[in-house]
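Structure first, then comments.
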Amino acid sequence: MSGQTILTVDGLTMRFGGIVAVQELSFAAERKKITALIGPNGAGKTTVFNCITGFYKPTGGAIRLSHDDGRQIALERLNDFRIAKQAKVARTFQNIRLFPGMTALENLMVAQHNALMLASGFTVLGLIGVPTYRDAEKRAIALATDWLKRINLLDRADDAAGNLAYGDQRRLEIARAMCTEPQLLCLDEPAAGLNARESAALSELLLSIRNELGTSILLIEHDMSVVMEISDHIVVMDHGVKIAQGTPKEVRDDPRVIAAYLGTDEEEAAAVMESGS
Amino acid sequence: MTATPHNATNASRTAGIPFLLKTAFINAAIALVLFSLMVGIRTEAGSDGQLTYWTRFGDLAWLVAAVFGGSIVIELLRQWIGPTGAEKLVPASVQSGVSFIGRYLAPALLIFTLLVPVIFYNQRYILDLAILVLTYVMLGWGLNVVVGLAGLLDLGYVAFYAVGAYSYGLLATSFGWSFWICLPLAGILAAFWGVLLGFPVLRLRGDYLAIVTLAFGEIIRLVIINWQSLTGGPNGVSGIPRPTFFGIPLDNSDDGLAAKLGIEYSPTHRIVFLFYLILALALLTNWVTIRLRRLPIGRAWEALREDEVACRALGINTTTTKLTAFATGAMFGGFAGAFFATRQGFISPESFTFQESALVLAIVVLGGMGSQLGVALAALTMIGGFELFRSLESYRMLVFGMAMVLIMIWRPRGIIGHRAPTVYLTKAQAISSDLVKEGHG
């Protein structure tokens, strides 16, 4: 594979009791590229995500993240919040998990928790209100404002996140993940439940994250128009194993993908062929 | 055309006399079954121990009739108010009015509280009651950090109150340390126990957390009862020194404050001093909590209440976040405990029963979880109301319970149900309680 890789998944296996959800999966995601993980329902995509982001501890295999500064981090050994804090891997969820009772701005402020905790001297300096903390907070608000502008929600900054429209909540969740300033952004079905216009806006947002900020993106998606439009590299899974990978064009033309992913439904196969061409 | 839906709603509202009567009859029948044994037949042990009984069908008839009439009145009221969902019981105009009052209520209450010793200088009873209310305000604000902000249901808060009280009581009686040295120590010790409790319960959520904290409260109480050599067991600790005005005692000796100021001694001086002491402690709690809410740790507490999984995905260490919430709440409980000990001069395990935990928790829930003003109002309602109904004697708990049920029906999310954002760009908008989560422990 050409280019520098940011994430290497090697022989990842995840068993739940007797069920093998993911078996010997290996793939790599390139830096500053968008890698898509696709496959039919139950293929084990979200399990892979949960292993990468520390919500599951993999039964076997290795997940390596190479930082910008050259550090190599073994993600399977970190757990829980440390993956987001130390390895700088941010994620969103299939079913949106915002803080509904907090405002859009507050959601983005919570995402900058670790940086702000440090600036507030683990609360002690913040409690007495030292100027360095105030400056850090101003910068945090500026970053949050910048993201609200990007996702076109600046006028809803002080509204409760739970009051936002569904599509807005999806974008806010991505902005919240980006406010942690991640190396790798993992998106679990970001286009689920969006209409065509919102999907197009989402594609634009993801492309701008890749092009302007140079953040690597790993995404699971069912919406083929989004996947085919923005992905640089696609990994196809079925029943816990990788069945194909390559550029959108390669994957689209791969008979195994069409057979496994789309089954025998020729109409859908044709639709995908068209949407990509 | 347009009139049809209007008529339809009208029809459903005035859903006929048969419906009214049917509901009333059912309610009356239930009342008849319930009261026929409870009221209708009166049993007593006779002089030789034999069972004597007599009937009171007259009273029974009155009660059933009252239920019949009452259910008609309630049904009519319900139709008059209109179709009700639990959230819509309070009209929007009233809601906004309440928030308007809320803006000016807090400063007004604070000024009034500051003036209480001046206004009621000669009424010892009111001053004592005010001190009691303020103690519970402080406890409520302390527990609010744990329950209201972090969403961790803590049923054993009284344990930290006890730790604080015994810390001061024992340190002061054994080593003769002054109140002002023991106060921070009591807070630190309570916070330490908060962390100790926090560690094992971190993985528990909701009901399970509640049970463990409940048990923790009982453990502390049982240890105090049984560790006789240290705590004096059920006899408690007596002769706890009264607080001094930074070293100057508040008594009628020659060194006393009254003598030094050259004014006539009065026992009320000490009460007034205690009043301002607890007021200062409570305001400190309030100030710290308000500041903490606007710091990253406070936002993390609230985020934890909203969604713990999302917190972890954002790199927030949920373990330390929960522990700091426990420790902060416990520390304020410890301060309040030290104050309690110095005020009473005597402490025993009887003061630290589960009932206290339940009372403080009720204050937090009734006040509206997370709202500082709400908690203060709820403490005033609960403790003050309890005293207000004293004249009703044995019916006090009944009336009090009914009042609480009514408040929770009208304002299911507490007196102040909405949440104020901690940071804003253009305008701070109150967030409706429908969106704010209670937390899952």
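Chain labels A, B, ... are given in the sequence in which chains occur in the structure tokens; within each chain residues are numbered consecutively from 1, and ligands are likewise numbered from 1 in the order shown.
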
- Item | All strand (DSSP E) positions in region 210-259 of chain B, as a VMD selection string | chain B and resid 237 to 238 244 to 245 248 to 249

Those selected residues, please, written with N, CA and C atoms and delivered as an mmCIF file, in the first residue's frame.
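And here's again.cif as it stands now:
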```
data_model
loop_
_atom_site.group_PDB
_atom_site.id
_atom_site.type_symbol
_atom_site.label_atom_id
_atom_site.label_comp_id
_atom_site.auth_asym_id
_atom_site.auth_seq_id
_atom_site.Cartn_x
_atom_site.Cartn_y
_atom_site.Cartn_z
ATOM 1 N N VAL B 237 -20.644 11.581 71.972
ATOM 2 C CA VAL B 237 -19.556 12.432 72.455
ATOM 3 C C VAL B 237 -20.196 13.678 73.034
ATOM 4 N N SER B 238 -19.878 13.959 74.316
ATOM 5 C CA SER B 238 -20.477 15.160 74.905
ATOM 6 C C SER B 238 -19.374 16.141 75.277
ATOM 7 N N THR B 244 -15.677 29.498 68.906
ATOM 8 C CA THR B 244 -15.210 30.776 69.425
ATOM 9 C C THR B 244 -15.116 31.757 68.274
ATOM 10 N N PHE B 245 -15.193 33.042 68.630
ATOM 11 C CA PHE B 245 -15.054 34.060 67.601
ATOM 12 C C PHE B 245 -13.553 34.257 67.366
ATOM 13 N N ILE B 248 -11.893 34.064 70.659
ATOM 14 C CA ILE B 248 -12.569 34.750 71.763
ATOM 15 C C ILE B 248 -13.859 34.003 72.067
ATOM 16 N N PRO B 249 -14.027 33.422 73.257
ATOM 17 C CA PRO B 249 -15.249 32.673 73.550
ATOM 18 C C PRO B 249 -16.470 33.582 73.611
#
```

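Using only C-alpha atoms, the part of chain B that sits within 7 Å of chain A is made up of Arg291, Leu292, Leu295, Pro296, Ile297, Arg299, Ala300, Ala303, Glu306, Asp307, Ala310, Arg312, Ala313, Leu314, Gly315, Ile316, Asn317, Pro421, Val423, Tyr424, Leu425, Lys427, Ala428, Gln429, Ile431, Leu435, Val436 and Lys437 of chain B.
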
- Would you list the contacts of Leu230 (chain B) as an NGL selection string, taking every protein, DNA or RNA residue within 12 Å and counting only C-alpha atoms, but skipping same-chain residues closer than 6 positions in sequence? :B and (166-167 or 169-171 or 173-174 or 223-224 or 236-237)

- Note on the structure: Correct to one decimal, the distance CA of Ser394 (chain B)-CA of Leu380 (chain B) is 21.5 Å

- Pick out the residues sitting within 8 Å of Ser433 (chain B), and hand them over as a ChimeraX atom specification; count only C-alpha atoms, and ignore anything fewer than 6 positions along from it in its own chain. /A:101 /B:413,417-419

Now that the selection is made, can you save its residues with C-alpha atoms as a short mmCIF file (atom, residue, chain, number, x, y, z; two decimals), in the first residue's frame?
```
data_model
loop_
_atom_site.label_atom_id
_atom_site.label_comp_id
_atom_site.auth_asym_id
_atom_site.auth_seq_id
_atom_site.Cartn_x
_atom_site.Cartn_y
_atom_site.Cartn_z
CA GLY A 101 -29.59 18.63 28.15
CA ARG B 413 -38.82 17.76 37.93
CA GLY B 417 -36.86 22.14 36.86
CA HIS B 418 -34.87 23.75 34.10
CA ARG B 419 -31.13 23.90 33.71
#
```

- Å distance separating CA of Pro241 (chain B) from CA of Leu257 (chain B), one decimal place: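 Taking CA of Pro241 (chain B) as the start and CA of Leu257 (chain B) as the end point, the length is 15.8 Å.
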
- Task: Give me, please, the distance in Å between CA of Glu264 (chain B) and CA of Ile126 (chain B), quoted to one decimal.
- Result: 22.1 Å

- Message: So that I can check the surroundings of Val241 (chain A), please list as a PyMOL selection string every protein, DNA and RNA residue that reaches within 10 Å of it, counting only C-alpha atoms and ignoring chain neighbours fewer than 3 positions away.
- Response: chain A and resi 12-13+20-26+39+43-45+236-238+244

- Task: Can you list, as a PyMOL selection string, all residues belonging to region 204-375 of chain B that DSSP tags as alpha helix (DSSP H)?
- Result: chain B and resi 206-226+228-231+257-261+268-294+296-306+308-313+318-344+354-367+372-375

Could you dump the residues just selected with C-alpha atoms as a compact mmCIF listing (two decimals), in the first residue's frame?
```
# COMPACT_ATOMS: atom_id res chain seq x y z
CA GLY B 206 -28.60 3.37 39.24
CA ASP B 207 -30.37 1.17 41.75
CA TYR B 208 -27.24 -0.82 42.58
CA LEU B 209 -25.31 2.32 43.39
CA ALA B 210 -28.18 3.50 45.58
CA ILE B 211 -28.18 0.25 47.57
CA VAL B 212 -24.41 0.32 48.14
CA THR B 213 -24.41 3.94 49.27
CA LEU B 214 -27.35 3.15 51.55
CA ALA B 215 -25.33 0.33 53.07
CA PHE B 216 -22.31 2.58 53.43
CA GLY B 217 -24.36 5.05 55.46
CA GLU B 218 -25.47 2.24 57.75
CA ILE B 219 -21.93 0.85 58.08
CA ILE B 220 -20.61 4.19 59.29
CA ARG B 221 -23.44 4.46 61.82
CA LEU B 222 -22.90 0.90 63.08
CA VAL B 223 -19.16 1.44 63.38
CA ILE B 224 -19.83 4.56 65.44
CA ILE B 225 -22.22 2.65 67.71
CA ASN B 226 -19.89 -0.31 68.21
CA GLN B 228 -17.13 2.30 71.99
CA SER B 229 -13.53 3.00 72.98
CA LEU B 230 -13.20 5.73 70.37
CA THR B 231 -16.66 7.12 69.80
CA LEU B 257 -16.63 38.69 73.43
CA ALA B 258 -19.37 40.60 75.24
CA ALA B 259 -16.95 41.74 77.96
CA LYS B 260 -14.32 42.73 75.43
CA LEU B 261 -16.80 44.75 73.41
CA THR B 268 -28.45 35.17 71.85
CA HIS B 269 -25.00 36.37 70.78
CA ARG B 270 -23.89 32.79 70.37
CA ILE B 271 -27.01 31.89 68.40
CA VAL B 272 -26.52 34.85 66.07
CA PHE B 273 -22.88 33.90 65.65
CA LEU B 274 -23.87 30.32 64.81
CA PHE B 275 -26.41 31.66 62.34
CA TYR B 276 -23.85 33.70 60.45
CA LEU B 277 -21.36 30.84 60.65
CA ILE B 278 -23.66 28.36 58.93
CA LEU B 279 -24.77 31.05 56.50
CA ALA B 280 -21.14 31.67 55.56
CA LEU B 281 -20.48 27.94 55.20
CA ALA B 282 -23.58 27.46 53.08
CA LEU B 283 -22.69 30.41 50.86
CA LEU B 284 -19.17 29.03 50.49
CA THR B 285 -20.69 25.74 49.34
CA ASN B 286 -22.88 27.60 46.91
CA TRP B 287 -20.07 29.75 45.56
CA VAL B 288 -17.74 26.80 45.07
CA THR B 289 -20.47 24.75 43.38
CA ILE B 290 -21.38 27.58 41.01
CA ARG B 291 -17.72 28.05 40.10
CA LEU B 292 -17.13 24.34 39.70
CA ARG B 293 -20.07 24.07 37.32
CA ARG B 294 -18.37 26.52 34.98
CA PRO B 296 -14.24 21.68 33.01
CA ILE B 297 -14.74 19.35 35.96
CA GLY B 298 -18.28 20.63 36.50
CA ARG B 299 -19.12 20.29 32.83
CA ALA B 300 -17.73 16.77 32.92
CA TRP B 301 -20.01 15.97 35.89
CA GLU B 302 -23.03 17.13 33.97
CA ALA B 303 -21.88 15.35 30.83
CA LEU B 304 -21.49 12.21 32.92
CA ARG B 305 -25.09 12.57 34.04
CA GLU B 306 -26.19 13.01 30.43
CA GLU B 308 -21.40 8.25 30.34
CA VAL B 309 -20.48 6.32 27.18
CA ALA B 310 -20.09 9.54 25.20
CA CYS B 311 -17.87 10.89 27.97
CA ARG B 312 -15.55 7.94 27.64
CA ALA B 313 -15.45 8.38 23.87
CA THR B 318 -15.03 8.82 34.26
CA THR B 319 -13.41 7.23 37.32
CA THR B 320 -11.73 10.37 38.60
CA THR B 321 -14.68 12.47 37.54
CA LYS B 322 -17.03 10.40 39.69
CA LEU B 323 -14.56 10.34 42.57
CA THR B 324 -14.18 14.11 42.58
CA ALA B 325 -17.95 14.47 42.63
CA PHE B 326 -18.18 12.11 45.60
CA ALA B 327 -15.29 13.82 47.37
CA THR B 328 -16.61 17.34 46.81
CA GLY B 329 -20.09 16.45 48.01
CA ALA B 330 -18.66 14.59 50.99
CA MET B 331 -16.42 17.51 51.92
CA PHE B 332 -19.37 19.87 52.19
CA GLY B 333 -21.22 17.22 54.20
CA GLY B 334 -18.20 17.09 56.51
CA PHE B 335 -18.22 20.86 57.00
CA ALA B 336 -21.91 20.74 57.84
CA GLY B 337 -21.24 17.88 60.27
CA ALA B 338 -18.55 19.86 62.08
CA PHE B 339 -20.96 22.75 62.38
CA PHE B 340 -23.65 20.42 63.68
CA ALA B 341 -21.28 19.11 66.38
CA THR B 342 -20.24 22.54 67.58
CA ARG B 343 -23.79 23.78 67.60
CA GLN B 344 -25.21 20.86 69.55
CA PHE B 354 -31.01 6.88 57.19
CA GLN B 355 -33.88 9.30 57.71
CA GLU B 356 -31.43 12.20 57.47
CA SER B 357 -30.07 10.90 54.15
CA ALA B 358 -33.60 10.51 52.84
CA LEU B 359 -34.51 14.01 53.97
CA VAL B 360 -31.51 15.61 52.29
CA LEU B 361 -32.11 13.59 49.12
CA ALA B 362 -35.76 14.66 49.17
CA ILE B 363 -34.62 18.28 49.41
CA VAL B 364 -32.40 17.86 46.34
CA VAL B 365 -35.06 16.06 44.30
CA LEU B 366 -37.83 18.42 45.37
CA GLY B 367 -35.68 21.45 44.61
CA GLN B 372 -29.03 25.84 43.66
CA LEU B 373 -32.01 28.11 44.25
CA GLY B 374 -34.40 25.18 44.02
CA VAL B 375 -32.51 23.27 46.69
```

- Message: For Ile52 (chain A), find every residue with an atom within 8 Å (counting only C-alpha atoms), except residues of its own chain fewer than 6 positions away, and show them as JSON, numbers by chain.
- Response: {"A": [63, 75, 76]}

Just the selected residues (C-alpha atoms), exported as a PDB file, in the first residue's frame, please.
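Final output, part-v9.pdb:
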```
ATOM      1  CA  ILE A  63      -4.292  -2.607  16.325  1.00  0.00           C
ATOM      2  CA  LEU A  75      -4.662   0.374  20.828  1.00  0.00           C
ATOM      3  CA  GLU A  76      -5.623  -3.111  21.968  1.00  0.00           C
TER       4      GLU A  76
END
```
